[in-house]
$ cat final.txt   # compact mmCIF, C-alpha atoms
# COMPACT_ATOMS: atom_id res chain seq x y z
CA MET A 1 11.75 -1.76 -33.40
CA LYS A 2 10.27 1.47 -32.07
CA LEU A 3 9.19 1.45 -28.42
CA VAL A 4 7.08 4.05 -26.64
CA LEU A 5 7.68 3.86 -22.88
CA VAL A 6 4.87 5.27 -20.73
CA HIS A 7 5.68 6.03 -17.10
CA GLY A 8 3.57 5.77 -13.96
CA GLY A 9 2.62 8.31 -11.32
CA TRP A 10 4.76 11.02 -9.71
CA GLN A 11 7.49 10.82 -12.35
CA GLY A 12 8.08 11.69 -15.98
CA GLY A 13 9.66 10.19 -19.06
CA TRP A 14 13.03 10.64 -17.34
CA ALA A 15 12.28 7.54 -15.23
CA TRP A 16 12.99 5.44 -18.33
CA ASP A 17 16.36 7.05 -19.17
CA ALA A 18 18.56 4.11 -18.18
CA VAL A 19 16.24 1.52 -19.74
CA ALA A 20 16.00 3.60 -22.91
CA GLY A 21 19.79 3.72 -23.09
CA GLU A 22 19.98 -0.07 -22.90
CA LEU A 23 17.33 -0.48 -25.60
CA ARG A 24 19.00 2.02 -27.91
CA ALA A 25 22.32 0.23 -27.44
CA ALA A 26 20.54 -2.92 -28.64
CA GLY A 27 19.57 -1.09 -31.83
CA HIS A 28 16.03 0.07 -31.07
CA GLU A 29 14.36 3.45 -31.32
CA VAL A 30 12.85 4.68 -28.06
CA PHE A 31 10.44 7.49 -27.18
CA ALA A 32 9.73 8.12 -23.47
CA PRO A 33 7.26 11.01 -23.23
CA THR A 34 6.17 12.80 -20.09
CA LEU A 35 2.42 12.62 -19.62
CA ARG A 36 0.41 15.83 -19.39
CA GLY A 37 0.20 16.93 -15.76
CA LEU A 38 3.46 15.25 -14.76
CA GLU A 39 5.83 17.84 -16.21
CA ASP A 40 8.57 19.32 -14.04
CA GLY A 41 8.15 22.71 -12.44
CA PRO A 42 5.18 24.90 -11.57
CA VAL A 43 2.68 23.22 -13.89
CA ASP A 44 -1.09 23.76 -13.83
CA ARG A 45 -2.28 20.25 -12.96
CA ALA A 46 -5.84 21.14 -11.93
CA GLY A 47 -8.49 19.31 -13.92
CA VAL A 48 -6.05 16.93 -15.63
CA THR A 49 -7.65 13.54 -16.23
CA LEU A 50 -6.76 10.29 -17.94
CA THR A 51 -8.39 11.63 -21.10
CA THR A 52 -6.24 14.77 -20.93
CA MET A 53 -3.14 12.61 -20.77
CA VAL A 54 -4.20 10.31 -23.59
CA ASP A 55 -5.23 13.18 -25.87
CA ASP A 56 -1.79 14.75 -25.43
CA LEU A 57 0.07 11.48 -25.96
CA VAL A 58 -1.88 10.66 -29.13
CA ARG A 59 -0.89 14.10 -30.42
CA GLN A 60 2.77 13.37 -29.64
CA LEU A 61 2.52 10.09 -31.56
CA ALA A 62 1.04 11.67 -34.68
CA ALA A 63 4.23 11.25 -36.71
CA PHE A 64 4.83 7.66 -35.58
CA ASP A 65 3.96 4.79 -37.90
CA ARG A 66 4.29 1.39 -36.18
CA PHE A 67 5.38 1.09 -32.55
CA VAL A 68 5.24 -1.02 -29.40
CA LEU A 69 3.49 0.54 -26.39
CA VAL A 70 4.95 -0.15 -22.95
CA GLY A 71 3.01 1.00 -19.89
CA HIS A 72 4.18 0.86 -16.30
CA SER A 73 1.77 0.99 -13.33
CA GLY A 74 -0.83 3.69 -14.06
CA GLY A 75 0.55 3.82 -17.58
CA GLY A 76 -1.37 0.60 -18.25
CA PRO A 77 -4.74 2.28 -18.83
CA VAL A 78 -2.96 4.98 -20.83
CA ILE A 79 -1.64 2.45 -23.35
CA GLN A 80 -5.02 0.72 -23.43
CA LEU A 81 -6.69 3.97 -24.47
CA VAL A 82 -3.98 4.83 -26.99
CA THR A 83 -4.43 1.37 -28.51
CA GLU A 84 -8.17 1.95 -28.55
CA ARG A 85 -7.56 4.90 -30.87
CA LEU A 86 -4.49 3.79 -32.81
CA ALA A 87 -4.82 0.00 -32.93
CA GLY A 88 -3.70 -0.19 -36.56
CA ARG A 89 -0.34 1.33 -35.65
CA VAL A 90 0.35 -0.54 -32.41
CA GLU A 91 2.43 -3.70 -32.85
CA ARG A 92 2.17 -4.90 -29.25
CA THR A 93 1.19 -3.67 -25.79
CA VAL A 94 3.48 -4.47 -22.86
CA PHE A 95 2.27 -3.99 -19.30
CA VAL A 96 4.95 -3.69 -16.60
CA ASP A 97 3.25 -4.35 -13.25
CA ALA A 98 0.50 -2.18 -14.68
CA TRP A 99 -3.25 -1.95 -14.27
CA VAL A 100 -5.44 -3.44 -17.01
CA LEU A 101 -8.94 -1.98 -16.85
CA LEU A 102 -12.26 -3.15 -18.25
CA ASP A 103 -14.69 -0.79 -19.92
CA GLY A 104 -16.19 1.54 -17.32
CA GLU A 105 -13.55 0.92 -14.64
CA CYS A 106 -11.14 3.41 -13.13
CA ILE A 107 -7.75 2.76 -11.54
CA ASN A 108 -9.13 3.24 -8.04
CA GLY A 109 -11.60 0.46 -8.77
CA VAL A 110 -8.85 -2.18 -8.98
CA LEU A 111 -6.56 -0.98 -6.18
CA PRO A 112 -6.67 -2.07 -2.53
CA ALA A 113 -9.20 -0.02 -0.54
CA GLU A 114 -6.67 1.27 1.99
CA LEU A 115 -4.42 2.56 -0.77
CA VAL A 116 -7.36 4.30 -2.44
CA SER A 117 -8.43 5.98 0.80
CA GLY A 118 -4.87 7.15 1.42
CA VAL A 119 -4.38 8.79 -1.97
CA ARG A 120 -7.88 10.29 -1.82
CA ALA A 121 -7.03 11.94 1.49
CA LEU A 122 -3.85 13.40 -0.01
CA ALA A 123 -5.79 14.75 -2.99
CA GLU A 124 -8.37 16.34 -0.70
CA GLN A 125 -5.59 18.13 1.16
CA SER A 126 -4.32 19.74 -2.04
CA ALA A 127 -5.54 22.91 -3.72
CA ASP A 128 -5.60 21.38 -7.22
CA ASN A 129 -6.81 17.78 -6.67
CA THR A 130 -3.35 16.26 -6.90
CA ILE A 131 -1.49 13.71 -4.81
CA ASP A 132 1.84 14.77 -3.35
CA LEU A 133 3.34 11.50 -2.17
CA PRO A 134 5.61 11.63 0.92
CA PRO A 135 9.19 10.69 -0.08
CA ALA A 136 9.51 8.16 2.74
CA LEU A 137 6.40 6.34 1.54
CA TRP A 138 7.70 6.32 -2.03
CA SER A 139 11.07 4.88 -1.01
CA ALA A 140 9.58 2.19 1.23
CA SER A 141 6.76 1.06 -1.06
CA PHE A 142 7.99 1.67 -4.59
CA MET A 143 11.79 1.37 -4.62
CA GLN A 144 12.83 -0.40 -1.45
CA ASP A 145 15.74 -1.99 -3.33
CA ALA A 146 17.43 1.36 -4.05
CA ASP A 147 20.48 2.65 -2.24
CA ALA A 148 20.08 5.88 -0.29
CA ALA A 149 21.70 8.07 -2.95
CA THR A 150 19.45 6.73 -5.71
CA ALA A 151 16.34 7.07 -3.57
CA ASP A 152 17.20 10.66 -2.65
CA ALA A 153 17.91 11.60 -6.28
CA VAL A 154 14.58 10.18 -7.43
CA THR A 155 12.40 11.57 -4.65
CA ALA A 156 13.84 15.02 -5.34
CA ARG A 157 12.32 14.82 -8.85
CA LEU A 158 8.86 13.53 -7.97
CA VAL A 159 5.90 15.76 -8.83
CA PRO A 160 2.28 15.85 -7.63
CA THR A 161 0.03 13.54 -9.63
CA PRO A 162 -3.47 14.54 -10.81
CA PHE A 163 -6.11 12.52 -8.99
CA GLY A 164 -8.15 12.47 -12.19
CA TRP A 165 -5.77 9.80 -13.47
CA PHE A 166 -7.12 7.49 -10.77
CA THR A 167 -10.80 8.37 -10.83
CA GLU A 168 -11.83 8.68 -14.49
CA PRO A 169 -13.50 5.54 -15.90
CA VAL A 170 -12.06 4.26 -19.18
CA ARG A 171 -14.17 3.78 -22.27
CA LEU A 172 -12.98 0.74 -24.20
CA SER A 173 -14.94 -0.62 -27.14
CA ARG A 174 -12.05 -1.91 -29.27
CA PHE A 175 -9.05 -2.66 -27.07
CA PHE A 176 -9.92 -6.28 -26.19
CA THR A 177 -11.03 -7.14 -29.72
CA SER A 178 -8.33 -5.21 -31.60
CA GLY A 179 -6.11 -8.25 -32.16
CA VAL A 180 -3.06 -6.36 -30.90
CA PRO A 181 -0.88 -8.91 -29.04
CA SER A 182 0.09 -8.23 -25.45
CA SER A 183 2.75 -9.06 -22.90
CA TYR A 184 2.93 -8.71 -19.13
CA VAL A 185 6.18 -8.17 -17.22
CA TYR A 186 6.10 -9.06 -13.52
CA LEU A 187 8.56 -7.33 -11.19
CA ARG A 188 9.39 -9.96 -8.62
CA GLU A 189 10.20 -7.71 -5.64
CA ASP A 190 7.34 -5.27 -6.21
CA GLN A 191 5.75 -4.30 -2.86
CA ALA A 192 3.48 -1.48 -4.05
CA VAL A 193 0.38 -3.70 -4.01
CA PRO A 194 -0.14 -7.44 -3.49
CA GLN A 195 1.10 -9.62 -6.35
CA SER A 196 -2.44 -10.90 -6.77
CA VAL A 197 -3.42 -7.45 -8.14
CA TYR A 198 -0.91 -7.78 -10.97
CA GLN A 199 -1.91 -11.38 -11.63
CA ALA A 200 -5.54 -10.33 -11.92
CA ALA A 201 -4.53 -7.58 -14.35
CA ALA A 202 -2.56 -9.94 -16.57
CA ALA A 203 -5.45 -12.44 -16.55
CA ARG A 204 -7.60 -9.86 -18.34
CA LEU A 205 -5.37 -9.97 -21.41
CA ALA A 206 -5.85 -12.53 -24.17
CA ASP A 207 -2.99 -15.04 -24.03
CA PRO A 208 -0.32 -12.53 -22.94
CA ARG A 209 3.37 -13.35 -23.20
CA ILE A 210 4.56 -13.49 -19.56
CA VAL A 211 8.04 -12.37 -18.55
CA SER A 212 9.43 -11.78 -15.06
CA CYS A 213 12.20 -9.50 -13.91
CA ALA A 214 13.97 -8.89 -10.61
CA GLY A 215 13.27 -5.54 -9.03
CA SER A 216 10.85 -3.34 -7.13
CA HIS A 217 7.92 -1.41 -8.58
CA GLU A 218 10.47 1.12 -9.85
CA ALA A 219 12.77 -1.44 -11.47
CA MET A 220 13.42 1.00 -14.32
CA LEU A 221 15.29 3.09 -11.76
CA THR A 222 16.82 0.35 -9.63
CA ASN A 223 17.39 -2.50 -12.09
CA PRO A 224 17.29 -0.99 -15.59
CA GLY A 225 19.52 -3.53 -17.31
CA GLU A 226 17.36 -6.49 -16.34
CA LEU A 227 14.15 -4.62 -17.11
CA ALA A 228 15.44 -3.70 -20.57
CA ALA A 229 16.28 -7.36 -21.18
CA ALA A 230 12.80 -8.35 -19.99
CA LEU A 231 11.21 -5.86 -22.40
CA LEU A 232 13.19 -7.35 -25.28
CA LYS A 233 11.92 -10.81 -24.32
CA ALA A 234 8.40 -9.46 -24.07
CA THR A 235 8.58 -7.98 -27.56
CA ALA A 236 10.63 -10.62 -29.38
$ encode --input "final.txt" --output "structure tokens"
Amino acid sequence: MKLVLVHGGWQGGWAWDAVAGELRAAGHEVFAPTLRGLEDGPVDRAGVTLTTMVDDLVRQLAAFDRFVLVGHSGGGPVIQLVTERLAGRVERTVFVDAWVLLDGECINGVLPAELVSGVRALAEQSADNTIDLPPALWSASFMQDADAATADAVTARLVPTPFGWFTEPVRLSRFFTSGVPSSYVYLREDQAVPQSVYQAAAARLADPRIVSCAGSHEAMLTNPGELAAALLKATA
């Protein structure tokens, strides 16, 4: 099986390294790209939108035949849009505590209002319409189950995230009728948003295979072995 692992905000494909190692050890091929605008270093992130990210990812997948798409958090709408374009090559979509949008919605439209206002304020403070998340907020809300050394190592790698990822409405005419099967993986200790937000997202999928896994929102960094096992259950 070939799996494409799509990360969420403030990080890159590196967030999946430990999970990818587990999946490769189980005999699977894994590709964990970094989305456009989330690269390391002094990158021009101004004007990057969800479409920018999807266009670049579709280009990276040009040589791939059949594959499973896994999207975490904000990676959910990314894999929806990739499936919209490449449905004939996608074997399954797997959402890991990820947003599932309807046609015309944006990520901010499904998030709690106080979270939206907070990230909007951070974007407005930036020079390039990006969100630079405070490390303490990241550690407390996204990976509260990490030890101090792990949290410090991760927060040192975080990058500003283009606000266009959150604000651009998706255009979906085929995703929900494509016939591509789906799965949803719940992370049981996730504190990033209320669990009801994830439940509402999963309810938008047609008969998804439901799997649960111990861990925070960043379980790929704090509990990679169990998350890899959950992904194998979700794709079996």
$ residues_around --input "final.txt" --residues "segment 7-21 of chain A" --least-positions-apart "3" --cutoff "10 Å" --atoms "only C-alpha atoms" --output "count of residues only"
58
$ atom_distance --input "final.txt" --atom1 "atom CA of Gln191 of chain A" --atom2 "atom CA of Ser141 of chain A"
5.7 Å
$ atom_distance --input "final.txt" --atom1 "atom CA of Glu22 of chain A" --atom2 "atom CA of Ser139 of chain A"
24.1 Å
$ atom_distance --input "final.txt" --atom1 "atom CA of Val193 of chain A" --atom2 "atom CA of Pro208 of chain A"
20.9 Å
$ closest_residue --input "final.txt" --among "A:Arg45, A:Arg66, A:Arg209, A:Arg59" --to "Gly88 of chain A" --atoms "all atoms listed in the file"
A:Arg66
$ closest_residue --input "final.txt" --among "A:Ala200, A:Leu172, A:Leu187, A:Ala236" --to "Asp103 of chain A" --atoms "all atoms listed in the file"
A:Leu172
$ residues_near_point --input "final.txt" --point "(3.6, -10.5, -16.8)" --cutoff "12 Å" --atoms "all atoms listed in the file" --output "PyMOL selection string"
chain A and resi 71-72+93-100+182-188+195-205+207-213+230-231+233-234
$ residues_around --input "final.txt" --residues "Ala87 of chain A" --least-positions-apart "5" --cutoff "12 Å" --atoms "all atoms listed in the file" --output "number ranges by chain"
A: 58, 65-69, 79-82, 92-93, 172-181
$ closest_residue --input "final.txt" --among "A:Glu168, A:Glu105, A:Glu124, A:Glu189" --to "Met143 of chain A" --atoms "only C-alpha atoms"
A:Glu189
